[in-house]
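Here the structure is laid out as structure tokens; the discussion comes afterwards.
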Amino acid sequence: MSAAWVAELAQQHLDAAYNLGRWLLGNEQDAADAVHDAYLRAARGAATYAGGNARAWWLAIVRNCCLAKLSSAQRETDWARSEAAHVAAAHAVALPASAVEERAQSEQWRQRVGECLRTLPREFRETLVLRELEDLSYREIADVLGVPIGTVMSRLARGRALLQQALTPHGEEAP
Amino acid sequence: MSDCDTFRAQLAPYLDGELDRADARALEAHIDGCAGCGAALDELDRLRRALRDANLRHTAPPALRARIAAEPLPLPARRRVPSAPAWLRYAACALLAFGAGALAMRERAPGAQAQLEHDAFASHWRALAAATPVDVVSSDRHTVKPWFAGKVAQAPVVRDFADQGFPLVGGRIDYLGGARVPVLVYRHGQHVIDVFVLPSGSATHAGASAQDAGYTLRFVTLGGQPAAIVADTDASELAKLIALIESASSS
């Protein structure tokens with residue numbers, strides 16, 4: 001495989017790469033840098049591409065570059081902590097009960113969904129992002145994460161259960 | 001109600017499109033009569049819609065796109081001889097070794113056709129061993145065909161022959177003889193049939209066939225396009241599918 005092939009692959013799946021980076025690293029600058037690193041690594045390693053799903057190969061490299069950036073465990077906890085504060089704030093705002101304010105509620109609801117996803121532990125967050133936002137198959141996700149498909153399924157199940165819990169506080173039913 | 005535990009575990013794969021048709025039908029039949037499992041499915045579906053409707057996907061900033069486009073391409077380190085990926089060969093070897101009692105290893109003549117045979121069998125077995133033999137699930141050419149576009153040089157003619165007993169399960173991309181080729185996956189009864197659409201000008205002999213471990217590979221020409229078909233169905237059943245594709249391709 002040639003470097004030109006990698007260039008095409010990276011451009012085609014740049015949104016997917018950047019989105020994964022944002023959900024792993026939390027901010028635009030780090031995500032963009034990680035994707036750029038991943039591109040250089042992929043272009044150099046193009047000859048080592050050993051077949052299989054190309055998008056999964058590319059996203060696996062992106063993820064590795066993101067994790068390298070995360071390696072200072074400090075950062076992740078900092079980010080999670082600041083995000084936890086956001087969530088606390090989001091929860092502090094009382095949701096409008098009236099159906100008349102449905103529009104406002106739906107905007108607030110969306111924000112809350114985002115905050116809840118952000119505060120999930122990384123392994124559940126990345127699995128859900130690849131499935132729900134990138135629409136990857138179980139097999140592709142397994143390739144990106146380097147885990148068996150069974151692990152993908154159990155992480156999805158656990159991640160979804162955690163999200164459902166977070167989105168229905170006080171035993172309320174989600175709208 | 002003891003079935004519910006089994007069905008509950010299938011709800012997520014069902015929503016994720018990872019359940020095969022037979023299991024999906026069984027699940028749907030169960031849900032029709034089980035309010036509890038139906039409610040659990042609704043709940044999962046609500047969560048999915050919440051995630052997808054919340055505009056959570058970030059798109060790459062134009063600056064990043066430009067940065068990457070401006071990056072000079074490194075020269076390839078070495079010229080690669082087109083060959084099957086090493087891990088595919090290992091996968092095939094592992095499968096052969098695994099069933100050594102039943103399988104007969106045989107010498108393969110070197111050459112393009114032997115390489116294609118080798119890769120096609122390996123791809124088929126690897127797909128059978130995977131959770132699902134397809135990367136895009138569909139019985140509808142309107143989702144399979146666009147999926148191929150842009151992934152491979154030659155998008156194949158995609159037709160569903162469910163009415164004739166050969167439903168189209170979906171498609172995947174695999175490597176044959178070093179080339180990325182589209183694979184159409186059909187089902188016939190319990191059998192999975194892989195149709196590898198080969199690049200025009202492939203050095204194959206239409207009509208040639210090979211056997212390995214009870215699986216048959218046939219090289220054919222479908223609407224002028226060389227193809228390789230791997231399956232463990234009867235030769236007569238396979239001939240039916242070939243005739244169906246042939247007539248659809250030329251129409």
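Identifiers in this document derive from the order of the structure tokens: chains are assigned A, B, ..., residues are numbered from 1 separately in each chain, and ligands are numbered from 1 in order of occurrence.
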7 Å contacts from chain A to chain B using only C-alpha atoms, as JSON, numbers by chain: {"A": [2, 3, 4, 14, 15, 18, 19, 32, 36, 43, 44, 50, 51, 52, 110, 113, 114, 132, 133, 137, 164]}
Residue contacts of A:Ala10 (9 Å, only C-alpha atoms) excluding same-chain residues fewer than 6 positions away, as a ChimeraX atom specification: /A:17,39,42,55,58 /B:68
Counting only C-alpha atoms, the option among B:Arg21, B:His205, B:His142, B:Arg8 closest to B:Ala35: B:Arg8
Two-atom distance - atom CA of A:Ala31, atom CA of A:Ala46 (Å): 21.8 Å
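Going from atom CA of B:His188 over to atom CA of B:Gly170, you cover 13.2 Å.
Note that atom CA of B:Tyr186 and atom CA of A:Leu130 are 27.1 Å apart.
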